$ cat run-v7.cif   # mmCIF, C-alpha atoms and all ligand atoms
data_model
#
loop_
_atom_site.group_PDB
_atom_site.id
_atom_site.type_symbol
_atom_site.label_atom_id
_atom_site.label_comp_id
_atom_site.auth_asym_id
_atom_site.auth_seq_id
_atom_site.Cartn_x
_atom_site.Cartn_y
_atom_site.Cartn_z
ATOM 1 C CA MET A 367 19.718 -7.986 5.447
ATOM 2 C CA GLY A 368 16.509 -9.916 6.132
ATOM 3 C CA GLN A 369 13.303 -7.916 5.917
ATOM 4 C CA ARG A 370 10.258 -8.049 8.175
ATOM 5 C CA TYR A 371 8.080 -9.848 5.634
ATOM 6 C CA ASP A 372 10.673 -12.462 4.579
ATOM 7 C CA GLU A 373 9.620 -14.807 7.337
ATOM 8 C CA PHE A 374 5.879 -14.221 6.895
ATOM 9 C CA ALA A 375 5.561 -13.964 3.112
ATOM 10 C CA GLN A 376 3.868 -17.339 2.739
ATOM 11 C CA TRP A 377 1.563 -16.626 5.681
ATOM 12 C CA TYR A 378 0.579 -13.262 4.169
ATOM 13 C CA ALA A 379 -0.072 -14.838 0.770
ATOM 14 C CA GLY A 380 -2.587 -17.149 2.483
ATOM 15 C CA TYR A 381 -4.094 -14.298 4.519
ATOM 16 C CA VAL A 382 -5.059 -12.234 1.452
ATOM 17 C CA THR A 383 -6.730 -15.181 -0.251
ATOM 18 C CA ARG A 384 -9.277 -16.142 2.422
ATOM 19 C CA GLY A 385 -11.507 -14.805 5.178
ATOM 20 C CA VAL A 386 -11.302 -11.191 6.260
ATOM 21 C CA GLY A 387 -7.965 -10.702 4.494
ATOM 22 C CA GLN A 388 -9.529 -11.632 1.179
ATOM 23 C CA THR A 389 -12.525 -9.356 1.810
ATOM 24 C CA VAL A 390 -10.198 -6.404 2.414
ATOM 25 C CA ALA A 391 -8.033 -7.305 -0.595
ATOM 26 C CA ARG A 392 -11.058 -7.364 -2.916
ATOM 27 C CA ALA A 393 -12.278 -4.023 -1.499
ATOM 28 C CA ALA A 394 -8.796 -2.634 -2.242
ATOM 29 C CA ASP A 395 -9.074 -3.939 -5.816
ATOM 30 C CA ARG A 396 -12.398 -2.117 -6.247
ATOM 31 C CA LEU A 397 -10.751 1.107 -5.064
ATOM 32 C CA LEU A 398 -7.957 0.554 -7.600
ATOM 33 C CA ASP A 399 -10.546 0.080 -10.318
ATOM 34 C CA ARG A 400 -12.232 3.324 -9.345
ATOM 35 C CA LEU A 401 -9.128 5.478 -8.723
ATOM 36 C CA LEU A 402 -6.579 4.182 -11.232
ATOM 37 C CA GLY A 403 -8.826 3.327 -14.146
ATOM 38 C CA PRO A 404 -7.863 1.770 -17.490
ATOM 39 C CA GLY A 405 -4.188 1.326 -18.370
ATOM 40 C CA ASP A 406 -4.392 0.805 -22.134
ATOM 41 C CA GLY A 407 -1.064 -1.026 -22.075
ATOM 42 C CA ARG A 408 0.787 1.651 -20.095
ATOM 43 C CA LEU A 409 3.261 0.848 -17.308
ATOM 44 C CA CYS A 410 2.272 0.794 -13.628
ATOM 45 C CA LEU A 411 4.696 0.247 -10.766
ATOM 46 C CA ASP A 412 3.186 -1.794 -7.915
ATOM 47 C CA LEU A 413 5.220 -0.333 -5.052
ATOM 48 C CA GLY A 414 5.538 -2.732 -2.120
ATOM 49 C CA CYS A 415 3.953 -5.402 -4.292
ATOM 50 C CA GLY A 416 4.351 -8.202 -1.756
ATOM 51 C CA GLY A 417 3.495 -11.535 -3.346
ATOM 52 C CA GLY A 418 1.601 -9.759 -6.115
ATOM 53 C CA ALA A 419 -1.921 -10.089 -4.692
ATOM 54 C CA HIS A 420 -3.156 -6.996 -6.556
ATOM 55 C CA VAL A 421 -1.379 -7.553 -9.841
ATOM 56 C CA PRO A 422 -4.349 -9.414 -11.395
ATOM 57 C CA ALA A 423 -6.551 -6.387 -10.638
ATOM 58 C CA LEU A 424 -3.994 -4.069 -12.254
ATOM 59 C CA THR A 425 -3.477 -6.199 -15.357
ATOM 60 C CA GLY A 426 -7.262 -6.639 -15.523
ATOM 61 C CA LEU A 427 -7.479 -2.861 -15.892
ATOM 62 C CA GLY A 428 -5.085 -3.061 -18.827
ATOM 63 C CA TRP A 429 -1.854 -1.989 -17.088
ATOM 64 C CA ARG A 430 1.529 -3.567 -17.714
ATOM 65 C CA VAL A 431 2.916 -4.092 -14.229
ATOM 66 C CA ILE A 432 6.322 -4.102 -12.627
ATOM 67 C CA GLY A 433 6.514 -4.808 -8.903
ATOM 68 C CA ALA A 434 9.066 -3.656 -6.354
ATOM 69 C CA ASP A 435 9.375 -4.820 -2.773
ATOM 70 C CA ILE A 436 12.097 -4.683 -0.151
ATOM 71 C CA SER A 437 11.474 -8.313 0.869
ATOM 72 C CA ALA A 438 13.340 -10.802 -1.327
ATOM 73 C CA ARG A 439 10.951 -13.557 -0.223
ATOM 74 C CA GLN A 440 7.906 -11.503 -1.223
ATOM 75 C CA VAL A 441 9.476 -10.806 -4.621
ATOM 76 C CA GLU A 442 10.214 -14.504 -5.027
ATOM 77 C CA LEU A 443 6.499 -15.275 -4.476
ATOM 78 C CA ALA A 444 5.474 -12.522 -6.895
ATOM 79 C CA ARG A 445 7.822 -13.856 -9.570
ATOM 80 C CA ARG A 446 6.506 -17.359 -9.007
ATOM 81 C CA ALA A 447 3.036 -15.933 -9.760
ATOM 82 C CA GLY A 448 4.373 -14.566 -13.052
ATOM 83 C CA VAL A 449 4.943 -10.970 -11.967
ATOM 84 C CA THR A 450 7.986 -9.006 -13.175
ATOM 85 C CA ALA A 451 9.373 -7.720 -9.886
ATOM 86 C CA VAL A 452 12.562 -6.346 -8.360
ATOM 87 C CA VAL A 453 13.925 -6.320 -4.835
ATOM 88 C CA ALA A 454 14.277 -2.645 -3.983
ATOM 89 C CA SER A 455 13.439 -0.131 -1.323
ATOM 90 C CA ALA A 456 10.627 2.239 -2.189
ATOM 91 C CA ASP A 457 12.877 5.222 -1.490
ATOM 92 C CA ASP A 458 15.672 4.015 -3.806
ATOM 93 C CA LEU A 459 14.182 2.450 -6.941
ATOM 94 C CA PRO A 460 16.265 1.051 -9.821
ATOM 95 C CA LEU A 461 14.111 2.936 -12.316
ATOM 96 C CA ASP A 462 14.886 5.903 -14.546
ATOM 97 C CA ASP A 463 13.432 9.353 -13.964
ATOM 98 C CA ARG A 464 9.961 9.748 -15.526
ATOM 99 C CA SER A 465 9.890 6.096 -16.604
ATOM 100 C CA VAL A 466 6.479 4.906 -15.351
ATOM 101 C CA ASP A 467 2.954 6.043 -16.204
ATOM 102 C CA ALA A 468 1.430 5.229 -12.822
ATOM 103 C CA VAL A 469 2.346 4.026 -9.356
ATOM 104 C CA ALA A 470 -0.041 1.985 -7.224
ATOM 105 C CA THR A 471 0.843 1.231 -3.632
ATOM 106 C CA ILE A 472 -1.523 -0.956 -1.673
ATOM 107 C CA MET A 473 -1.519 -1.590 2.087
ATOM 108 C CA THR A 474 2.035 -0.275 2.391
ATOM 109 C CA THR A 475 1.916 3.143 4.036
ATOM 110 C CA THR A 476 1.876 1.537 7.487
ATOM 111 C CA ASP A 477 4.963 -0.513 6.543
ATOM 112 C CA PHE A 478 7.247 2.134 5.043
ATOM 113 C CA ASP A 479 9.530 3.515 7.758
ATOM 114 C CA ALA A 480 9.217 7.085 6.427
ATOM 115 C CA LEU A 481 6.764 8.386 3.846
ATOM 116 C CA PRO A 482 8.421 11.621 2.528
ATOM 117 C CA PRO A 483 11.409 9.867 0.861
ATOM 118 C CA VAL A 484 9.067 7.274 -0.671
ATOM 119 C CA PHE A 485 6.777 9.863 -2.249
ATOM 120 C CA ALA A 486 9.814 11.886 -3.405
ATOM 121 C CA GLU A 487 10.960 8.742 -5.242
ATOM 122 C CA VAL A 488 7.459 8.252 -6.669
ATOM 123 C CA HIS A 489 7.606 11.820 -7.989
ATOM 124 C CA ARG A 490 11.012 11.100 -9.599
ATOM 125 C CA VAL A 491 9.965 7.933 -11.466
ATOM 126 C CA LEU A 492 6.508 9.150 -12.545
ATOM 127 C CA ARG A 493 6.245 10.779 -15.941
ATOM 128 C CA PRO A 494 4.732 14.284 -15.810
ATOM 129 C CA GLY A 495 0.973 13.869 -15.642
ATOM 130 C CA GLY A 496 1.335 10.326 -14.280
ATOM 131 C CA ARG A 497 -0.728 9.311 -11.280
ATOM 132 C CA LEU A 498 -0.063 7.807 -7.897
ATOM 133 C CA VAL A 499 -2.839 5.737 -6.318
ATOM 134 C CA VAL A 500 -2.528 4.906 -2.639
ATOM 135 C CA VAL A 501 -4.858 2.337 -1.087
ATOM 136 C CA ALA A 502 -4.200 2.109 2.633
ATOM 137 C CA GLY A 503 -5.602 0.937 5.910
ATOM 138 C CA HIS A 504 -7.779 3.896 6.858
ATOM 139 C CA PRO A 505 -5.685 6.234 9.043
ATOM 140 C CA CYS A 506 -8.773 7.338 11.008
ATOM 141 C CA PHE A 507 -10.397 3.950 11.542
ATOM 142 C CA GLY A 508 -7.374 1.664 11.636
ATOM 143 C CA GLY A 509 -3.797 1.766 12.792
ATOM 144 C CA ALA A 510 -2.298 0.691 16.053
ATOM 145 C CA PHE A 511 -4.681 2.434 18.427
ATOM 146 C CA VAL A 512 -8.120 1.768 16.961
ATOM 147 C CA GLU A 513 -10.032 -1.251 18.174
ATOM 148 C CA ARG A 514 -12.773 -2.762 16.008
ATOM 149 C CA ASP A 515 -15.520 -4.900 17.501
ATOM 150 C CA ASP A 516 -17.146 -7.866 15.745
ATOM 151 C CA HIS A 517 -19.622 -5.514 14.043
ATOM 152 C CA GLY A 518 -16.888 -3.221 12.712
ATOM 153 C CA ALA A 519 -17.551 -0.377 15.140
ATOM 154 C CA CYS A 520 -14.447 1.447 16.379
ATOM 155 C CA THR A 521 -13.077 2.592 19.706
ATOM 156 C CA VAL A 522 -10.141 4.975 19.474
ATOM 157 C CA HIS A 523 -7.563 4.505 22.219
ATOM 158 C CA PRO A 524 -4.861 6.921 23.396
ATOM 159 C CA GLY A 525 -2.009 7.093 20.880
ATOM 160 C CA TYR A 526 -4.065 7.939 17.775
ATOM 161 C CA ARG A 527 -1.961 11.047 17.058
ATOM 162 C CA ARG A 528 1.397 9.293 17.384
ATOM 163 C CA HIS A 529 3.344 8.953 14.140
ATOM 164 C CA GLU A 530 5.721 6.118 14.954
ATOM 165 C CA ARG A 531 6.368 2.421 14.483
ATOM 166 C CA VAL A 532 4.631 0.212 17.022
ATOM 167 C CA GLU A 533 6.251 -3.195 17.422
ATOM 168 C CA ALA A 534 4.058 -4.642 20.134
ATOM 169 C CA HIS A 535 0.678 -3.663 21.551
ATOM 170 C CA PRO A 536 -2.363 -5.687 22.654
ATOM 171 C CA LEU A 537 -4.431 -3.966 19.926
ATOM 172 C CA LEU A 538 -2.220 -5.406 17.168
ATOM 173 C CA GLY A 539 -4.143 -8.690 17.541
ATOM 174 C CA ASP A 540 -2.891 -12.023 16.263
ATOM 175 C CA GLY A 541 -2.616 -11.241 12.532
ATOM 176 C CA ILE A 542 0.226 -9.859 10.440
ATOM 177 C CA ARG A 543 0.667 -6.760 12.624
ATOM 178 C CA SER A 544 1.676 -8.718 15.710
ATOM 179 C CA ARG A 545 4.314 -10.339 13.483
ATOM 180 C CA VAL A 546 5.798 -7.360 11.586
ATOM 181 C CA GLY A 547 4.630 -4.332 13.607
ATOM 182 C CA VAL A 548 2.897 -1.297 12.134
ATOM 183 C CA VAL A 549 3.697 2.354 11.571
ATOM 184 C CA ASN A 550 0.855 4.414 13.010
ATOM 185 C CA VAL A 551 0.210 7.076 10.351
ATOM 186 C CA PRO A 552 -2.262 9.835 11.263
ATOM 187 C CA LEU A 553 -4.229 11.195 8.288
ATOM 188 C CA PRO A 554 -2.312 14.521 8.079
ATOM 189 C CA ALA A 555 1.030 12.675 7.987
ATOM 190 C CA LEU A 556 -0.121 10.677 4.962
ATOM 191 C CA LEU A 557 -1.638 13.608 3.067
ATOM 192 C CA ASN A 558 1.211 15.993 3.888
ATOM 193 C CA ALA A 559 3.820 13.484 2.708
ATOM 194 C CA VAL A 560 2.060 13.250 -0.680
ATOM 195 C CA ILE A 561 1.651 17.013 -1.013
ATOM 196 C CA GLY A 562 5.165 17.688 0.321
ATOM 197 C CA ALA A 563 6.667 15.573 -2.466
ATOM 198 C CA GLY A 564 5.228 17.974 -5.043
ATOM 199 C CA LEU A 565 2.378 15.690 -6.081
ATOM 200 C CA VAL A 566 -1.064 17.222 -6.574
ATOM 201 C CA LEU A 567 -3.889 15.590 -4.645
ATOM 202 C CA ARG A 568 -6.765 14.870 -7.069
ATOM 203 C CA GLU A 569 -9.288 12.611 -5.364
ATOM 204 C CA THR A 570 -9.923 10.615 -2.205
ATOM 205 C CA ALA A 571 -12.259 7.691 -1.564
ATOM 206 C CA GLU A 572 -13.214 5.127 1.053
ATOM 207 C CA ASP A 573 -14.089 1.490 0.586
ATOM 208 C CA ASP A 574 -17.613 0.407 -0.315
ATOM 209 C CA GLY A 575 -17.892 -2.272 2.386
ATOM 210 C CA ASP A 576 -20.870 -3.047 4.645
ATOM 211 C CA GLU A 577 -19.202 -2.139 7.935
ATOM 212 C CA PRO A 578 -20.342 1.026 9.770
ATOM 213 C CA VAL A 579 -16.940 2.694 9.329
ATOM 214 C CA PRO A 580 -14.612 2.162 6.375
ATOM 215 C CA SER A 581 -11.443 0.057 6.571
ATOM 216 C CA LEU A 582 -9.677 1.576 3.581
ATOM 217 C CA LEU A 583 -8.748 5.027 2.350
ATOM 218 C CA GLY A 584 -7.783 5.607 -1.272
ATOM 219 C CA LEU A 585 -6.237 8.670 -2.830
ATOM 220 C CA VAL A 586 -5.062 9.814 -6.229
ATOM 221 C CA ALA A 587 -2.288 12.339 -6.747
ATOM 222 C CA SER A 588 -0.482 13.277 -9.912
ATOM 223 C CA ARG A 589 2.892 14.626 -10.923
ATOM 224 C CA PRO A 590 2.304 18.079 -12.403
ATOM 225 C CA GLY A 591 2.902 18.623 -16.105
ATOM 226 C CA GLY A 592 2.421 16.317 -19.065
HETATM 227 C C1 LIG A 601 1.085 -5.338 4.027
HETATM 228 S S1 LIG A 601 2.226 -5.827 2.774
HETATM 229 C C2 LIG A 601 1.304 -5.429 1.314
HETATM 230 C C3 LIG A 601 1.774 -6.188 0.116
HETATM 231 C C4 LIG A 601 0.893 -5.989 -1.147
HETATM 232 N N1 LIG A 601 0.883 -4.617 -1.582
HETATM 233 C C5 LIG A 601 -0.506 -6.471 -0.849
HETATM 234 O O1 LIG A 601 -1.403 -5.621 -0.668
HETATM 235 O O2 LIG A 601 -0.716 -7.682 -0.799
HETATM 236 C C6 LIG A 601 3.434 -4.503 2.825
HETATM 237 C C7 LIG A 601 4.610 -4.730 1.887
HETATM 238 O O3 LIG A 601 5.445 -3.567 1.903
HETATM 239 C C8 LIG A 601 6.787 -4.013 1.762
HETATM 240 N N2 LIG A 601 7.703 -2.958 2.200
HETATM 241 C C9 LIG A 601 7.903 -2.488 3.447
HETATM 242 N N3 LIG A 601 8.830 -1.517 3.447
HETATM 243 C C10 LIG A 601 9.228 -1.365 2.153
HETATM 244 C C11 LIG A 601 10.154 -0.513 1.500
HETATM 245 N N4 LIG A 601 10.880 0.390 2.160
HETATM 246 N N5 LIG A 601 10.304 -0.634 0.165
HETATM 247 C C12 LIG A 601 9.584 -1.539 -0.540
HETATM 248 N N6 LIG A 601 8.682 -2.374 0.028
HETATM 249 C C13 LIG A 601 8.506 -2.283 1.362
HETATM 250 C C14 LIG A 601 6.836 -5.265 2.624
HETATM 251 O O4 LIG A 601 7.957 -6.090 2.343
HETATM 252 C C15 LIG A 601 5.507 -5.918 2.272
HETATM 253 O O5 LIG A 601 5.611 -6.810 1.200
#
$ encode --input "run-v7.cif" --output "structure tokens" --more "lines below"
Ligand SMILES: C[S@@+](CC[C@H](N)C(=O)[O-])C[C@H]1O[C@@H](n2cnc3c(N)ncnc32)[C@H](O)[C@@H]1O
Amino acid sequence: MGQRYDEFAQWYAGYVTRGVGQTVARAADRLLDRLLGPGDGRLCLDLGCGGGAHVPALTGLGWRVIGADISARQVELARRAGVTAVVASADDLPLDDRSVDAVATIMTTTDFDALPPVFAEVHRVLRPGGRLVVVAGHPCFGGAFVERDDHGACTVHPGYRRHERVEAHPLLGDGIRSRVGVVNVPLPALLNAVIGAGLVLRETAEDDGDEPVPSLLGLVASRPGG
């Protein structure tokens, strides 16, 4: 079955390498640096890796990386960039229990259809003590119902509390979201899905950008034990 990003993989690869897309991608990399830290040769799963835009940041931190993405076209681009990657759904990974030291998932929580089964799968594949780092479009200052002006200030429109996929809406603009839709994920839905999977929330952070309100939220959670 074709996946939403198959048709737009090349477009997205261009988006994250210039303009505002690149600015956000680099801010996400700085959050990874801060929240994931050094890998020392350990294994990190890049969950929803896309074309592998954040793999250089992960390998730069010393992690060995394997990517997984549901879009075969995205995985093809990642492999072309030298990334070891598999086509798989985040809630059904071809990985053994307790087989990875860390999971990083970047700009994906508004693409996964349901978060609880994804974080349950993260819990399964993480070794005890291993950490999950989520870097996401900020649930409070992004999503389908928040409008940003040219100075980065936000107006929140009706719908903010809705936890559902939005396929079409004037606020989705003319970027990737008008092409693939977006799952509007209120902050409690994100945090409760992590906690509900049995992961322990350790730290949260926002991006260090210049805009008046942040674009990105980062969090660290770990599998107990180890
Ligand atoms: C906005 S892109 C982010 C890609 C990459 N992490 C980045 O930041 O450049 C979201 C990615 O999530 C993937 N995705 C959506 N649902 C998925 C699922 N159930 N399992 C695995 N990947 C999924 C999409 O195919 C897409 O590549």
$ axis_aligned_box --input "run-v7.cif" --around "ligand LIG 601 (chain A)" --padding-each-side "5 Å" --output "lines of an AutoDock Vina configuration file"
center_x = 4.7
center_y = -3.6
center_z = 1.2
size_x = 22.3
size_y = 18.1
size_z = 15.6
$ closest_residue --input "run-v7.cif" --among "A:Ala563, A:Leu556, A:Val386, A:Ala510" --to "A:Pro536" --atoms "all atoms listed in the file"
A:Ala510
$ atom_distance --input "run-v7.cif" --atom1 "atom CA of A:Gly418" --atom2 "atom CA of A:Ala451"
8.9 Å
$ resolve_selection --input "run-v7.cif" --expression "the PyMOL selection byres (((chain A and resi 509) around 9) and not hetatm)" --output "PyMOL selection string"
chain A and resi 476+503-508+510-513+526+538+548-552
$ closest_atom_pairs --input "run-v7.cif" --of "chain A" --to "ligand LIG 601 (chain A)" --cutoff "8 Å" --atoms "all atoms listed in the file" --output "CSV"
residue,atom,partner,partner_atom,distance
A:Gln369,CA,A:LIG601,O4,6.7
A:Arg370,CA,A:LIG601,O4,6.6
A:Tyr371,CA,A:LIG601,O4,5.0
A:Asp372,CA,A:LIG601,O4,7.3
A:Ala375,CA,A:LIG601,O5,7.4
A:Tyr378,CA,A:LIG601,O2,7.6
A:Ala379,CA,A:LIG601,O2,7.4
A:Val382,CA,A:LIG601,O2,6.7
A:Ala391,CA,A:LIG601,O1,6.8
A:Asp412,CA,A:LIG601,N1,7.3
A:Leu413,CA,A:LIG601,C12,6.4
A:Gly414,CA,A:LIG601,N6,3.8
A:Cys415,CA,A:LIG601,N1,4.2
A:Gly416,CA,A:LIG601,O5,3.5
A:Gly417,CA,A:LIG601,O2,6.3
A:Gly418,CA,A:LIG601,O2,6.2
A:Ala419,CA,A:LIG601,O2,4.7
A:His420,CA,A:LIG601,O2,6.3
A:Ala434,CA,A:LIG601,C12,6.2
A:Asp435,CA,A:LIG601,N6,3.8
A:Ile436,CA,A:LIG601,C12,4.0
A:Ser437,CA,A:LIG601,O4,4.4
A:Gln440,CA,A:LIG601,O5,5.8
A:Val453,CA,A:LIG601,C12,7.8
A:Ala454,CA,A:LIG601,C12,5.9
A:Ser455,CA,A:LIG601,N5,3.5
A:Ala456,CA,A:LIG601,N5,3.7
A:Asp457,CA,A:LIG601,N4,6.4
A:Thr471,CA,A:LIG601,N1,6.2
A:Ile472,CA,A:LIG601,N1,4.4
A:Met473,CA,A:LIG601,C2,4.8
A:Thr474,CA,A:LIG601,C6,4.5
A:Thr475,CA,A:LIG601,O3,7.9
A:Thr476,CA,A:LIG601,C1,7.7
A:Asp477,CA,A:LIG601,C9,4.7
A:Phe478,CA,A:LIG601,N3,4.3
A:Asp479,CA,A:LIG601,N4,6.6
A:Val484,CA,A:LIG601,N4,7.7
A:Ile542,CA,A:LIG601,C1,7.9
$ residues_around --input "run-v7.cif" --residues "A:Ala394" --least-positions-apart "2" --cutoff "8 Å" --atoms "all atoms listed in the file" --output "number ranges by chain"
A: 390-392, 396-398, 472, 501, 573, 582
$ write_last_selection --input "run-v7.cif" --atoms "C-alpha atoms" --output "CSV table (one decimal), in the coordinates of the input"
chain,number,residue,atom,x,y,z
A,390,VAL,CA,-10.2,-6.4,2.4
A,391,ALA,CA,-8.0,-7.3,-0.6
A,392,ARG,CA,-11.1,-7.4,-2.9
A,396,ARG,CA,-12.4,-2.1,-6.2
A,397,LEU,CA,-10.8,1.1,-5.1
A,398,LEU,CA,-8.0,0.6,-7.6
A,472,ILE,CA,-1.5,-1.0,-1.7
A,501,VAL,CA,-4.9,2.3,-1.1
A,573,ASP,CA,-14.1,1.5,0.6
A,582,LEU,CA,-9.7,1.6,3.6
$ closest_residue --input "run-v7.cif" --among "A:Thr383, A:Thr450, A:Ser465, A:Thr389" --to "A:Arg408" --atoms "only C-alpha atoms"
A:Ser465
$ build_atoms --input "run-v7.cif" --residues "stretch 376-387 of chain A" --atoms "N, CA and C atoms" --output "tab-separated table (two decimals), keeping the file's coordinate frame"
chain	number	residue	atom	x	y	z
A	376	GLN	N	4.81	-16.25	3.07
A	376	GLN	CA	3.87	-17.34	2.74
A	376	GLN	C	2.58	-17.18	3.55
A	377	TRP	N	2.73	-16.83	4.81
A	377	TRP	CA	1.56	-16.63	5.68
A	377	TRP	C	0.69	-15.51	5.11
A	378	TYR	N	1.33	-14.41	4.68
A	378	TYR	CA	0.58	-13.26	4.17
A	378	TYR	C	-0.13	-13.61	2.86
A	379	ALA	N	0.55	-14.42	2.04
A	379	ALA	CA	-0.07	-14.84	0.77
A	379	ALA	C	-1.37	-15.61	1.05
A	380	GLY	N	-1.37	-16.43	2.10
A	380	GLY	CA	-2.59	-17.15	2.48
A	380	GLY	C	-3.64	-16.21	3.05
A	381	TYR	N	-3.19	-15.24	3.85
A	381	TYR	CA	-4.09	-14.30	4.52
A	381	TYR	C	-4.94	-13.52	3.51
A	382	VAL	N	-4.31	-13.07	2.41
A	382	VAL	CA	-5.06	-12.23	1.45
A	382	VAL	C	-5.94	-13.05	0.51
A	383	THR	N	-5.90	-14.37	0.65
A	383	THR	CA	-6.73	-15.18	-0.25
A	383	THR	C	-7.88	-15.88	0.46
A	384	ARG	N	-8.10	-15.57	1.76
A	384	ARG	CA	-9.28	-16.14	2.42
A	384	ARG	C	-9.72	-15.26	3.59
A	385	GLY	N	-10.97	-15.48	4.00
A	385	GLY	CA	-11.51	-14.80	5.18
A	385	GLY	C	-11.48	-13.29	5.06
A	386	VAL	N	-11.24	-12.65	6.21
A	386	VAL	CA	-11.30	-11.19	6.26
A	386	VAL	C	-10.21	-10.55	5.41
A	387	GLY	N	-9.06	-11.23	5.32
A	387	GLY	CA	-7.96	-10.70	4.49
A	387	GLY	C	-8.37	-10.61	3.04
